[in-house]
>>> print(open('final_29.txt').read())   # compact mmCIF, C-alpha atoms and all ligand atoms
# COMPACT_ATOMS: atom_id res chain seq x y z
CA MET A 1148 -17.53 5.72 18.85
CA ALA A 1149 -14.43 4.03 20.17
CA VAL A 1150 -15.13 1.36 22.71
CA ALA A 1151 -15.12 2.96 26.13
CA ALA A 1152 -12.25 1.55 28.12
CA GLY A 1153 -13.49 -1.27 30.32
CA ALA A 1154 -16.27 -2.23 27.92
CA LEU A 1155 -14.65 -5.43 26.69
CA PRO A 1156 -11.28 -7.04 27.43
CA ALA A 1157 -8.99 -6.89 24.41
CA ALA A 1158 -9.01 -10.69 24.06
CA ASP A 1159 -12.76 -10.65 23.29
CA LEU A 1160 -12.32 -7.91 20.74
CA PHE A 1161 -9.34 -8.76 18.64
CA ALA A 1162 -7.04 -11.64 18.14
CA GLN A 1163 -3.87 -11.58 20.17
CA GLY A 1164 -0.84 -13.17 18.74
CA THR A 1165 2.87 -13.56 18.60
CA THR A 1166 5.43 -12.78 15.96
CA SER A 1167 4.78 -16.05 14.11
CA ASP A 1168 1.16 -15.02 13.57
CA VAL A 1169 2.04 -11.87 11.73
CA ARG A 1170 4.65 -12.61 9.09
CA GLY A 1171 4.68 -13.72 5.46
CA ALA A 1172 1.14 -14.46 4.30
CA LYS A 1173 -0.14 -13.17 7.69
CA SER A 1174 1.59 -9.79 7.38
CA LEU A 1175 -0.12 -6.48 6.78
CA ARG A 1176 1.56 -6.15 3.39
CA ALA A 1177 0.40 -9.59 2.23
CA HIS A 1178 -3.20 -8.89 3.26
CA ALA A 1179 -3.08 -5.45 1.64
CA GLN A 1180 -1.56 -6.83 -1.56
CA LEU A 1181 -4.45 -9.31 -1.94
CA ARG A 1182 -6.84 -6.36 -1.99
CA GLY A 1183 -4.88 -3.98 -4.17
CA LEU A 1184 -4.02 -1.74 -1.23
CA LEU A 1185 -0.77 -0.20 -0.05
CA VAL A 1186 0.00 -0.38 3.65
CA GLY A 1187 3.05 0.94 5.41
CA CYS A 1188 4.58 3.40 7.81
CA ALA A 1189 6.78 6.40 8.42
CA VAL A 1190 10.41 5.41 8.90
CA VAL A 1191 13.70 6.78 10.19
CA PRO A 1192 16.72 5.91 8.05
CA GLY A 1193 19.13 5.64 10.96
CA LYS A 1194 16.93 2.94 12.49
CA LEU A 1195 16.46 1.12 9.19
CA HIS A 1196 20.21 0.80 8.93
CA GLY A 1197 21.08 0.61 12.60
CA GLU A 1198 18.42 -1.43 14.40
CA ARG A 1199 17.88 -4.95 13.10
CA ASP A 1200 14.53 -5.57 14.82
CA TYR A 1201 13.16 -2.27 13.48
CA ALA A 1202 14.42 -2.98 9.95
CA ASP A 1203 13.09 -6.52 10.07
CA LEU A 1204 9.63 -5.36 11.15
CA VAL A 1205 9.42 -2.62 8.51
CA GLY A 1206 10.63 -4.99 5.78
CA ALA A 1207 8.12 -7.66 6.76
CA GLN A 1208 5.02 -5.49 7.20
CA ALA A 1209 5.11 -2.56 4.76
CA ASN A 1210 4.76 -2.32 1.02
CA ILE A 1211 5.09 1.47 1.14
CA LEU A 1212 7.29 3.73 3.26
CA VAL A 1213 7.37 7.45 3.96
CA ALA A 1214 10.19 9.46 5.52
CA GLU A 1215 9.13 10.72 8.94
CA ASN A 1216 11.68 13.57 8.77
CA ALA A 1217 14.44 12.74 6.29
CA MET A 1218 12.88 14.48 3.29
CA LYS A 1219 11.86 17.70 5.01
CA TRP A 1220 13.65 20.96 4.32
CA LYS A 1221 15.44 20.84 7.70
CA ALA A 1222 16.96 17.43 6.96
CA LEU A 1223 17.78 18.05 3.29
CA ARG A 1224 19.17 21.57 3.54
CA PRO A 1225 22.06 21.95 6.01
CA ALA A 1226 23.01 25.22 4.34
CA PRO A 1227 21.52 27.56 1.72
CA ASP A 1228 23.89 26.16 -0.92
CA LYS A 1229 23.90 22.54 0.30
CA PHE A 1230 21.70 19.45 0.03
CA ASP A 1231 22.13 16.31 2.16
CA PHE A 1232 20.32 13.36 0.60
CA ARG A 1233 21.92 10.60 2.67
CA GLY A 1234 18.86 9.88 4.80
CA ALA A 1235 16.42 10.03 1.92
CA ASP A 1236 18.68 7.87 -0.27
CA ALA A 1237 18.96 5.31 2.54
CA ILE A 1238 15.18 4.97 2.68
CA LEU A 1239 14.96 4.45 -1.08
CA ALA A 1240 17.75 1.87 -0.93
CA PHE A 1241 15.97 -0.04 1.84
CA ALA A 1242 12.66 0.12 -0.03
CA SER A 1243 14.27 -1.11 -3.22
CA ARG A 1244 15.75 -4.12 -1.39
CA HIS A 1245 12.34 -4.95 0.13
CA GLY A 1246 10.09 -4.38 -2.89
CA GLN A 1247 8.48 -1.35 -1.29
CA LYS A 1248 7.20 1.94 -2.73
CA VAL A 1249 8.11 5.28 -1.17
CA ARG A 1250 6.11 8.45 -0.50
CA GLY A 1251 7.98 11.77 -0.37
CA HIS A 1252 7.14 14.01 2.62
CA ASN A 1253 7.24 16.96 2.07
CA LEU A 1254 8.24 19.66 -0.42
CA CYS A 1255 6.53 22.57 1.33
CA TRP A 1256 5.54 23.02 4.98
CA HIS A 1257 5.56 25.87 7.51
CA GLU A 1258 7.49 23.66 9.98
CA ALA A 1259 10.86 21.87 9.86
CA LEU A 1260 12.49 24.73 8.00
CA PRO A 1261 16.28 24.96 8.38
CA ASP A 1262 17.76 27.35 10.95
CA TRP A 1263 19.20 29.52 8.16
CA PHE A 1264 15.81 30.03 6.54
CA ALA A 1265 14.53 33.11 8.38
CA GLY A 1266 17.77 35.02 7.93
CA THR A 1267 18.22 34.10 4.29
CA VAL A 1268 14.89 33.90 2.50
CA THR A 1269 13.24 37.20 1.57
CA LYS A 1270 10.33 38.26 -0.61
CA ASP A 1271 12.84 38.94 -3.37
CA ASN A 1272 14.49 35.51 -3.43
CA ALA A 1273 11.82 33.22 -1.95
CA ARG A 1274 10.29 32.07 -5.22
CA GLN A 1275 13.69 31.20 -6.69
CA ILE A 1276 14.81 29.33 -3.54
CA PHE A 1277 11.45 27.55 -3.35
CA THR A 1278 11.36 26.35 -6.95
CA GLU A 1279 15.04 25.43 -6.93
CA HIS A 1280 14.42 23.22 -3.86
CA ILE A 1281 11.46 21.46 -5.43
CA ARG A 1282 13.18 21.04 -8.81
CA THR A 1283 16.33 19.62 -7.18
CA VAL A 1284 14.62 17.28 -4.71
CA ALA A 1285 11.71 16.08 -6.87
CA GLY A 1286 14.09 15.85 -9.82
CA ARG A 1287 16.51 13.63 -7.91
CA TYR A 1288 13.78 11.10 -7.15
CA ALA A 1289 11.88 11.51 -10.41
CA ARG A 1290 10.01 8.33 -11.43
CA LYS A 1291 11.20 6.61 -8.24
CA LEU A 1292 8.45 7.67 -5.83
CA HIS A 1293 4.84 6.57 -5.47
CA SER A 1294 3.76 10.08 -4.47
CA TRP A 1295 4.84 13.37 -2.96
CA ASP A 1296 3.25 15.39 -0.22
CA VAL A 1297 3.87 18.51 -2.28
CA VAL A 1298 2.22 20.92 0.18
CA ASN A 1299 1.56 19.99 3.81
CA GLU A 1300 -0.99 21.64 6.15
CA ALA A 1301 -1.67 24.87 4.23
CA ILE A 1302 -5.22 25.29 5.57
CA ASP A 1303 -5.91 26.98 8.92
CA THR A 1304 -9.51 28.13 9.24
CA LYS A 1305 -8.47 30.24 12.24
CA SER A 1306 -6.26 32.41 10.02
CA GLY A 1307 -9.28 34.61 9.27
CA ARG A 1308 -8.47 34.62 5.56
CA PRO A 1309 -11.42 34.07 3.17
CA ASP A 1310 -9.36 31.39 1.39
CA GLY A 1311 -8.65 29.68 4.73
CA LEU A 1312 -4.90 29.65 4.04
CA ARG A 1313 -2.54 29.32 6.99
CA LYS A 1314 -0.33 32.37 7.56
CA SER A 1315 2.79 30.32 6.73
CA PRO A 1316 6.19 31.78 5.77
CA TRP A 1317 5.49 30.67 2.21
CA LEU A 1318 2.26 32.67 2.08
CA GLU A 1319 3.98 35.75 3.48
CA LEU A 1320 7.00 35.45 1.18
CA ILE A 1321 5.44 34.33 -2.13
CA GLY A 1322 1.71 34.92 -1.80
CA PRO A 1323 -1.23 32.49 -2.12
CA GLU A 1324 0.02 31.30 -5.50
CA TYR A 1325 2.83 29.38 -3.71
CA ILE A 1326 0.65 26.29 -3.66
CA ASP A 1327 0.05 26.26 -7.42
CA VAL A 1328 3.76 27.02 -7.98
CA ALA A 1329 4.74 24.06 -5.80
CA PHE A 1330 2.52 21.57 -7.63
CA ARG A 1331 3.42 22.82 -11.11
CA THR A 1332 7.15 22.75 -10.28
CA ALA A 1333 6.89 19.26 -8.79
CA ARG A 1334 5.05 17.95 -11.86
CA ALA A 1335 7.65 19.45 -14.19
CA ALA A 1336 10.39 17.76 -12.15
CA ASP A 1337 8.66 14.40 -11.76
CA PRO A 1338 6.07 13.41 -14.38
CA LYS A 1339 5.17 10.24 -12.50
CA ALA A 1340 4.79 10.79 -8.74
CA LEU A 1341 1.21 11.21 -7.53
CA LEU A 1342 1.12 14.84 -6.38
CA THR A 1343 -0.64 15.06 -3.03
CA TYR A 1344 -2.01 17.78 -0.78
CA ASN A 1345 -1.72 16.53 2.84
CA ASP A 1346 -3.48 17.81 5.96
CA TYR A 1347 -4.66 16.90 9.47
CA GLY A 1348 -7.70 17.68 11.63
CA ILE A 1349 -10.10 17.05 8.74
CA GLU A 1350 -11.41 13.66 9.89
CA GLU A 1351 -14.03 14.22 12.59
CA ASP A 1352 -17.58 15.61 12.33
CA SER A 1353 -16.88 18.43 14.82
CA ALA A 1354 -17.65 21.99 13.67
CA GLU A 1355 -13.94 22.84 13.60
CA GLN A 1356 -12.86 19.81 11.57
CA THR A 1357 -15.85 20.13 9.26
CA ALA A 1358 -14.85 23.73 8.52
CA LYS A 1359 -11.26 22.72 7.88
CA ARG A 1360 -12.35 19.86 5.61
CA GLU A 1361 -14.44 22.38 3.66
CA GLY A 1362 -11.37 24.62 3.38
CA VAL A 1363 -9.32 21.76 1.95
CA LEU A 1364 -12.08 20.92 -0.52
CA GLN A 1365 -12.27 24.54 -1.68
CA LEU A 1366 -8.49 24.64 -2.10
CA VAL A 1367 -8.46 21.47 -4.19
CA GLN A 1368 -11.49 22.49 -6.25
CA GLY A 1369 -9.76 25.78 -7.08
CA MET A 1370 -6.58 23.96 -8.08
CA LYS A 1371 -8.52 21.64 -10.38
CA LYS A 1372 -10.33 24.62 -11.91
CA ARG A 1373 -6.95 26.32 -12.62
CA GLY A 1374 -5.58 23.15 -14.17
CA VAL A 1375 -3.00 22.70 -11.39
CA PRO A 1376 -1.67 19.11 -11.46
CA ILE A 1377 -2.90 17.30 -8.32
CA ASP A 1378 -3.58 13.58 -8.04
CA ALA A 1379 -4.41 12.90 -4.40
CA VAL A 1380 -5.30 14.22 -0.97
CA GLY A 1381 -3.59 12.87 2.14
CA VAL A 1382 -5.79 12.57 5.23
CA GLN A 1383 -3.20 12.41 8.00
CA SER A 1384 -5.54 10.63 10.47
CA HIS A 1385 -3.85 11.47 13.77
CA LEU A 1386 -6.89 10.22 15.70
CA SER A 1387 -7.78 9.92 19.36
CA ALA A 1388 -9.30 6.91 21.07
CA SER A 1389 -11.26 9.34 23.25
CA ASP A 1390 -12.87 11.30 20.42
CA PRO A 1391 -15.96 10.37 18.39
CA LEU A 1392 -15.03 8.21 15.41
CA PRO A 1393 -14.94 10.04 12.06
CA GLY A 1394 -17.98 9.26 9.93
CA ALA A 1395 -20.37 10.79 7.43
CA GLY A 1396 -18.52 14.08 6.91
CA LEU A 1397 -15.22 12.42 6.05
CA ARG A 1398 -16.90 9.72 3.94
CA GLU A 1399 -18.67 12.37 1.83
CA PHE A 1400 -15.40 14.33 1.53
CA VAL A 1401 -13.60 11.22 0.23
CA ARG A 1402 -16.44 10.55 -2.22
CA GLU A 1403 -16.38 14.16 -3.47
CA LEU A 1404 -12.64 13.82 -4.08
CA GLY A 1405 -13.38 10.58 -5.93
CA ARG A 1406 -15.84 12.43 -8.16
CA MET A 1407 -12.95 14.84 -8.89
CA LYS A 1408 -10.86 11.79 -9.91
CA LEU A 1409 -8.56 12.21 -6.91
CA GLN A 1410 -7.11 9.40 -4.85
CA VAL A 1411 -7.09 9.57 -1.05
CA PHE A 1412 -4.29 8.26 1.14
CA VAL A 1413 -4.44 7.71 4.89
CA THR A 1414 -1.00 9.18 5.39
CA GLU A 1415 -0.09 9.40 9.12
CA LEU A 1416 -2.43 7.13 11.06
CA ASP A 1417 -1.91 6.73 14.78
CA ILE A 1418 -4.41 6.57 17.64
CA ASN A 1419 -3.67 8.82 20.60
CA GLU A 1420 -4.80 7.11 23.81
CA ARG A 1421 -3.47 9.68 26.27
CA LYS A 1422 -6.91 10.28 27.82
CA VAL A 1423 -8.00 6.63 27.91
CA GLU A 1424 -8.06 5.17 31.42
CA GLY A 1425 -7.98 1.53 32.48
CA SER A 1426 -5.57 -1.37 32.15
CA VAL A 1427 -3.14 -1.68 29.26
CA ALA A 1428 -5.45 -4.36 27.79
CA GLU A 1429 -8.44 -2.00 28.00
CA ARG A 1430 -6.47 0.85 26.44
CA ASP A 1431 -5.20 -1.46 23.70
CA ALA A 1432 -8.79 -2.53 23.00
CA ALA A 1433 -9.94 1.08 22.68
CA VAL A 1434 -7.10 1.83 20.24
CA ALA A 1435 -7.71 -1.35 18.26
CA ARG A 1436 -11.40 -0.51 17.92
CA VAL A 1437 -10.53 2.81 16.26
CA TYR A 1438 -8.06 1.14 13.91
CA LYS A 1439 -10.71 -1.39 12.92
CA ASP A 1440 -13.64 0.97 12.49
CA TYR A 1441 -11.75 3.87 10.90
CA VAL A 1442 -9.73 1.90 8.40
CA THR A 1443 -12.76 -0.27 7.51
CA MET A 1444 -14.69 2.91 6.75
CA MET A 1445 -11.86 4.36 4.66
CA VAL A 1446 -10.94 1.29 2.59
CA ALA A 1447 -14.62 0.82 1.73
CA GLU A 1448 -14.12 3.85 -0.55
CA PRO A 1449 -12.63 2.75 -3.90
CA ASN A 1450 -10.44 5.87 -4.24
CA VAL A 1451 -8.67 5.18 -0.92
CA SER A 1452 -5.59 3.29 -2.04
CA ALA A 1453 -3.02 3.51 0.75
CA VAL A 1454 -2.93 3.37 4.55
CA LEU A 1455 0.27 4.41 6.34
CA THR A 1456 0.77 4.59 10.07
CA TRP A 1457 3.02 7.25 11.54
CA GLY A 1458 5.66 4.84 12.78
CA ILE A 1459 5.10 1.12 13.30
CA THR A 1460 6.19 0.42 16.88
CA ASP A 1461 5.26 2.18 20.12
CA ARG A 1462 8.97 2.25 20.83
CA TYR A 1463 9.25 5.24 18.53
CA THR A 1464 6.28 7.58 18.34
CA TRP A 1465 6.06 11.35 18.27
CA LEU A 1466 3.13 10.96 20.68
CA ASP A 1467 5.52 10.25 23.55
CA ALA A 1468 6.80 13.84 23.27
CA PRO A 1469 5.96 15.67 26.55
CA LYS A 1470 3.23 17.71 24.87
CA TYR A 1471 1.23 14.60 23.90
CA ALA A 1472 2.37 12.08 26.54
CA ARG A 1473 -0.03 10.34 28.91
CA PRO A 1474 -0.56 12.17 32.24
CA ASP A 1475 0.35 8.94 34.05
CA GLY A 1476 3.65 8.89 32.21
CA GLN A 1477 2.98 5.49 30.68
CA PRO A 1478 4.09 5.09 27.06
CA GLN A 1479 1.42 5.53 24.40
CA GLY A 1480 0.10 2.33 22.81
CA CYS A 1481 -0.80 3.95 19.49
CA LEU A 1482 0.72 1.80 16.73
CA PRO A 1483 0.35 -1.76 15.39
CA PHE A 1484 3.39 -3.09 17.29
CA ASP A 1485 4.28 -2.50 20.91
CA ALA A 1486 7.59 -1.20 22.22
CA ASN A 1487 9.00 -4.76 22.20
CA TYR A 1488 8.10 -5.26 18.54
CA GLU A 1489 5.26 -7.61 19.51
CA PRO A 1490 1.94 -7.29 17.64
CA ALA A 1491 -0.61 -5.23 19.57
CA PRO A 1492 -4.38 -5.77 19.24
CA ALA A 1493 -4.16 -2.79 16.87
CA PHE A 1494 -2.20 -4.96 14.42
CA PHE A 1495 -4.96 -7.55 14.15
CA ALA A 1496 -7.61 -4.83 14.00
CA LEU A 1497 -5.76 -3.08 11.16
CA ARG A 1498 -5.29 -6.35 9.29
CA ASP A 1499 -9.00 -7.19 9.69
CA ALA A 1500 -9.85 -3.73 8.35
CA LEU A 1501 -7.62 -4.21 5.29
CA ASP A 1502 -9.39 -7.54 4.70
CA SER A 1503 -12.74 -5.75 4.70
CA ARG A 1504 -11.81 -4.10 1.38
CA ARG A 1505 -13.62 -5.78 -1.50
CA SER A 1506 -10.91 -8.13 -2.74
CA ASN A 1507 -9.56 -7.83 -6.28
CA GLU A 1508 -11.02 -11.21 -7.10
CA GLN A 1509 -14.53 -10.22 -6.01
O1 LIG B 1 17.52 15.28 14.69
C1 LIG B 1 17.48 16.22 15.77
C2 LIG B 1 18.52 15.84 16.82
O2 LIG B 1 19.82 15.96 16.25
C3 LIG B 1 18.39 16.76 18.02
O3 LIG B 1 19.29 16.36 19.04
C4 LIG B 1 16.95 16.68 18.55
C5 LIG B 1 16.71 17.56 19.76
O4 LIG B 1 16.53 18.87 19.33
O5 LIG B 1 16.04 17.10 17.50
C6 LIG B 1 16.11 16.20 16.41
O6 LIG B 1 15.21 16.63 15.42
C7 LIG B 1 13.84 16.40 15.77
C8 LIG B 1 13.22 15.53 14.66
O7 LIG B 1 11.81 15.35 14.90
C9 LIG B 1 13.87 14.15 14.58
O8 LIG B 1 13.64 13.46 15.79
C10 LIG B 1 13.14 17.75 15.80
O9 LIG B 1 13.63 18.50 16.89
C11 LIG B 1 11.63 17.53 15.95
O10 LIG B 1 10.95 18.78 15.81
C12 LIG B 1 11.12 16.61 14.84
O11 LIG B 1 9.75 16.38 15.09
C13 LIG B 1 9.04 15.83 13.98
C14 LIG B 1 7.91 16.81 13.60
O12 LIG B 1 7.10 16.24 12.55
C15 LIG B 1 8.47 18.14 13.09
O13 LIG B 1 9.20 17.92 11.91
C16 LIG B 1 8.44 14.50 14.41
O14 LIG B 1 9.49 13.54 14.59
C17 LIG B 1 7.49 13.98 13.33
O15 LIG B 1 6.81 12.80 13.78
C18 LIG B 1 6.44 15.04 13.00
O16 LIG B 1 5.65 14.55 11.94
C19 LIG B 1 4.60 15.45 11.51
C20 LIG B 1 4.48 15.33 9.99
O17 LIG B 1 5.72 15.62 9.38
C21 LIG B 1 3.36 16.23 9.48
N1 LIG B 1 2.10 15.92 10.15
C22 LIG B 1 2.17 16.00 11.63
C23 LIG B 1 3.26 15.05 12.15
C24 LIG B 1 3.31 15.06 13.66
O18 LIG B 1 3.68 16.32 14.12
>>> encode(input="final_29.txt", output="structure tokens")
Amino acid sequence: MAVAAGALPAADLFAQGTTSDVRGAKSLRAHAQLRGLLVGCAVVPGKLHGERDYADLVGAQANILVAENAMKWKALRPAPDKFDFRGADAILAFASRHGQKVRGHNLCWHEALPDWFAGTVTKDNARQIFTEHIRTVAGRYARKLHSWDVVNEAIDTKSGRPDGLRKSPWLELIGPEYIDVAFRTARAADPKALLTYNDYGIEEDSAEQTAKREGVLQLVQGMKKRGVPIDAVGVQSHLSASDPLPGAGLREFVRELGRMKLQVFVTELDINERKVEGSVAERDAAVARVYKDYVTMMVAEPNVSAVLTWGITDRYTWLDAPKYARPDGQPQGCLPFDANYEPAPAFFALRDALDSRRSNEQ
């Protein structure tokens, strides 16, 4: 359970620090490296190449990056006959200069589809457009990526379907086999990238998230049975500091995936503190506690090999969108660095959690 706000001041819970306490050997990437882990964040190419403080922070802290939006259909496909790889290429160029790996996100999702999609894609041409996209994009970055989120968020237990599949445009246009087609096409285009199924709302022990986790497990078990190439499952981990901490259900899920020889990545970690009351220090402490306890639990599992936060500074987080913003209008403190690029208690909590992984030397 996250620490209730007001339980302990942040200073008693986690180290505080300044920029000098968090770089080089004290950085997240250095601590992760020592334990054979990857740690990183979602990035925006325009900021990597336009905002020095942002670029400096990402370069210093991450050993793996993922495109927040630059590799989605909407960003890559300005027109049915056009691809725009400038953003994606910029992320790979930055990563190459900083010795970082890159995750691709994502080849297939029901959101972030280009404006031309609905008026252009039909049941007759969907499969061809779909496979051409995957072949072109995964082919361009073949052997250059750590992993791909091949299919994102395909499970929706509220869809009423026995297979639990979300009623996405891809399901309507191609049928349930679209998932197998996506993974097989991605593997044919890139023999190396770890092919990942990525989803959210599968972390907590609530009835709803337990059912969704079961749906993901059934999906992956079916894929393995059909010989569909899949290497990993992404647990997005958009958590809340006001919800019960994930526990036994998720741990068993990760272990079951391990028994299936699948890796698990924490792919989009951030801690929503919109409902947490109290001072900024108390809110920071509640967020830091979740970072510490959740990531400690996850990296204790040997098949968890990467932890990425969804952004790295509170200056830029999707959680400040009106729909998720704090009722008091204050900015969310949900990431390892605050809006002034200073380390938050969450940074030290995350670094402590990475350290809890049995080290390579042990
Ligand atoms: O780039 C345009 C800009 O030109 C335009 O002026 C502006 C206003 O309309 O929109 C900008 O695009 C926005 C884009 O983010 C870049 O900021 C889109 O409207 C907006 O929908 C998009 O939101 C992203 C969302 O996925 C949908 O793609 C969020 O930044 C991103 O954090 C979020 O990330 C998702 C993961 O991909 C999947 N898991 C859930 C996670 C959170 O929703």
>>> residues_around(input="final_29.txt", residues="Ala1486 (chain A)", least_positions_apart="6", cutoff="9 Å", atoms="all atoms listed in the file", output="tab-separated table (two decimals) with C-alpha atoms, in the coordinates of the input")
chain	number	residue	atom	x	y	z
A	1460	THR	CA	6.19	0.42	16.88
A	1461	ASP	CA	5.26	2.18	20.12
A	1462	ARG	CA	8.97	2.25	20.83
A	1463	TYR	CA	9.25	5.24	18.53
A	1478	PRO	CA	4.09	5.09	27.06
A	1480	GLY	CA	0.10	2.33	22.81
>>> residues_near_ligand(input="final_29.txt", ligand="ligand LIG 1 (chain B)", cutoff="8 Å", atoms="only C-alpha atoms and all ligand atoms", output="PDB file with C-alpha atoms, in the frame of the given file")
ATOM      1  CA  GLU A1215       9.130  10.720   8.940  1.00  0.00           C
ATOM      2  CA  ASN A1216      11.680  13.570   8.770  1.00  0.00           C
ATOM      3  CA  LYS A1219      11.860  17.700   5.010  1.00  0.00           C
ATOM      4  CA  HIS A1252       7.140  14.010   2.620  1.00  0.00           C
ATOM      5  CA  ASN A1253       7.240  16.960   2.070  1.00  0.00           C
ATOM      6  CA  GLU A1258       7.490  23.660   9.980  1.00  0.00           C
ATOM      7  CA  ALA A1259      10.860  21.870   9.860  1.00  0.00           C
ATOM      8  CA  ASN A1299       1.560  19.990   3.810  1.00  0.00           C
ATOM      9  CA  GLU A1300      -0.990  21.640   6.150  1.00  0.00           C
ATOM     10  CA  ASP A1346      -3.480  17.810   5.960  1.00  0.00           C
ATOM     11  CA  TYR A1347      -4.660  16.900   9.470  1.00  0.00           C
ATOM     12  CA  GLN A1383      -3.200  12.410   8.000  1.00  0.00           C
ATOM     13  CA  HIS A1385      -3.850  11.470  13.770  1.00  0.00           C
ATOM     14  CA  GLU A1415      -0.090   9.400   9.120  1.00  0.00           C
ATOM     15  CA  TRP A1457       3.020   7.250  11.540  1.00  0.00           C
ATOM     16  CA  THR A1464       6.280   7.580  18.340  1.00  0.00           C
ATOM     17  CA  TRP A1465       6.060  11.350  18.270  1.00  0.00           C
TER      18      TRP A1465
END
>>> closest_residue(input="final_29.txt", among="A:Ala1207, A:Lys1371, A:Asp1390, A:Thr1343", to="Lys1173 (chain A)", atoms="only C-alpha atoms")
A:Ala1207
>>> residues_around(input="final_29.txt", residues="region 1394-1396 of chain A", least_positions_apart="2", cutoff="9 Å", atoms="only C-alpha atoms", output="number ranges by chain")
A: 1350-1352, 1357, 1360, 1391-1392, 1398-1401, 1441, 1444
>>> residues_around(input="final_29.txt", residues="Ala1172 (chain A)", least_positions_apart="5", cutoff="12 Å", atoms="all atoms listed in the file", output="MDAnalysis selection string")
chainID A and resid 1167 1177:1181 1207:1208 1498
>>> residues_near_point(input="final_29.txt", point="(14.1, 20.4, 11.5)", cutoff="7 Å", atoms="only C-alpha atoms", output="VMD selection string")
chain A and resid 1221 to 1222 1259 to 1261
>>> atom_distance(input="final_29.txt", atom1="CA of Ala1388 (chain A)", atom2="CA of Arg1421 (chain A)")
8.3 Å
>>> residues_near_point(input="final_29.txt", point="(0.6, 4.5, 8.9)", cutoff="10 Å", atoms="all atoms listed in the file", output="list of chain:residue names")
A:Val1186, A:Gly1187, A:Cys1188, A:Ala1189, A:Val1190, A:Ala1209, A:Ile1211, A:Leu1212, A:Val1213, A:Gln1383, A:Ser1384, A:His1385, A:Phe1412, A:Val1413, A:Thr1414, A:Glu1415, A:Leu1416, A:Asp1417, A:Ala1453, A:Val1454, A:Leu1455, A:Thr1456, A:Trp1457, A:Gly1458, A:Ile1459, A:Leu1482, A:Pro1483
>>> atom_distance(input="final_29.txt", atom1="CA of Lys1305 (chain A)", atom2="CA of Lys1359 (chain A)")
9.1 Å
>>> closest_residue(input="final_29.txt", among="A:Ala1289, A:Ala1242, A:Leu1364, A:Ile1418", to="Arg1430 (chain A)", atoms="only C-alpha atoms")
A:Ile1418
>>> atom_distance(input="final_29.txt", atom1="CA of Val1367 (chain A)", atom2="CA of Lys1439 (chain A)")
28.6 Å
>>> residues_around(input="final_29.txt", residues="Gly1251 (chain A)", least_positions_apart="6", cutoff="10 Å", atoms="all atoms listed in the file", output="mmCIF file with C-alpha atoms, in the frame of the given file")
data_model
loop_
_atom_site.group_PDB
_atom_site.id
_atom_site.type_symbol
_atom_site.label_atom_id
_atom_site.label_comp_id
_atom_site.auth_asym_id
_atom_site.auth_seq_id
_atom_site.Cartn_x
_atom_site.Cartn_y
_atom_site.Cartn_z
ATOM 1 C CA LEU A 1212 7.290 3.730 3.260
ATOM 2 C CA VAL A 1213 7.370 7.450 3.960
ATOM 3 C CA ALA A 1214 10.190 9.460 5.520
ATOM 4 C CA GLU A 1215 9.130 10.720 8.940
ATOM 5 C CA ALA A 1217 14.440 12.740 6.290
ATOM 6 C CA MET A 1218 12.880 14.480 3.290
ATOM 7 C CA LYS A 1219 11.860 17.700 5.010
ATOM 8 C CA ALA A 1235 16.420 10.030 1.920
ATOM 9 C CA VAL A 1284 14.620 17.280 -4.710
ATOM 10 C CA ALA A 1285 11.710 16.080 -6.870
ATOM 11 C CA TYR A 1288 13.780 11.100 -7.150
ATOM 12 C CA LYS A 1291 11.200 6.610 -8.240
ATOM 13 C CA LEU A 1292 8.450 7.670 -5.830
ATOM 14 C CA HIS A 1293 4.840 6.570 -5.470
ATOM 15 C CA SER A 1294 3.760 10.080 -4.470
ATOM 16 C CA TRP A 1295 4.840 13.370 -2.960
ATOM 17 C CA ASP A 1296 3.250 15.390 -0.220
ATOM 18 C CA VAL A 1297 3.870 18.510 -2.280
ATOM 19 C CA ALA A 1340 4.790 10.790 -8.740
ATOM 20 C CA LEU A 1341 1.210 11.210 -7.530
ATOM 21 C CA LEU A 1342 1.120 14.840 -6.380
ATOM 22 C CA THR A 1343 -0.640 15.060 -3.030
#
>>> residues_around(input="final_29.txt", residues="region 1271-1276 of chain A", least_positions_apart="4", cutoff="7 Å", atoms="all atoms listed in the file", output="list in words")
His1280, Leu1320 and Ile1321 of chain A
>>> closest_residue(input="final_29.txt", among="A:Tyr1325, A:Val1268, A:Pro1225, A:Tyr1488", to="Asp1203 (chain A)", atoms="only C-alpha atoms")
A:Tyr1488
>>> closest_residue(input="final_29.txt", among="A:Leu1466, A:Ala1500, A:Ile1281, A:Leu1195", to="Ala1336 (chain A)", atoms="only C-alpha atoms")
A:Ile1281
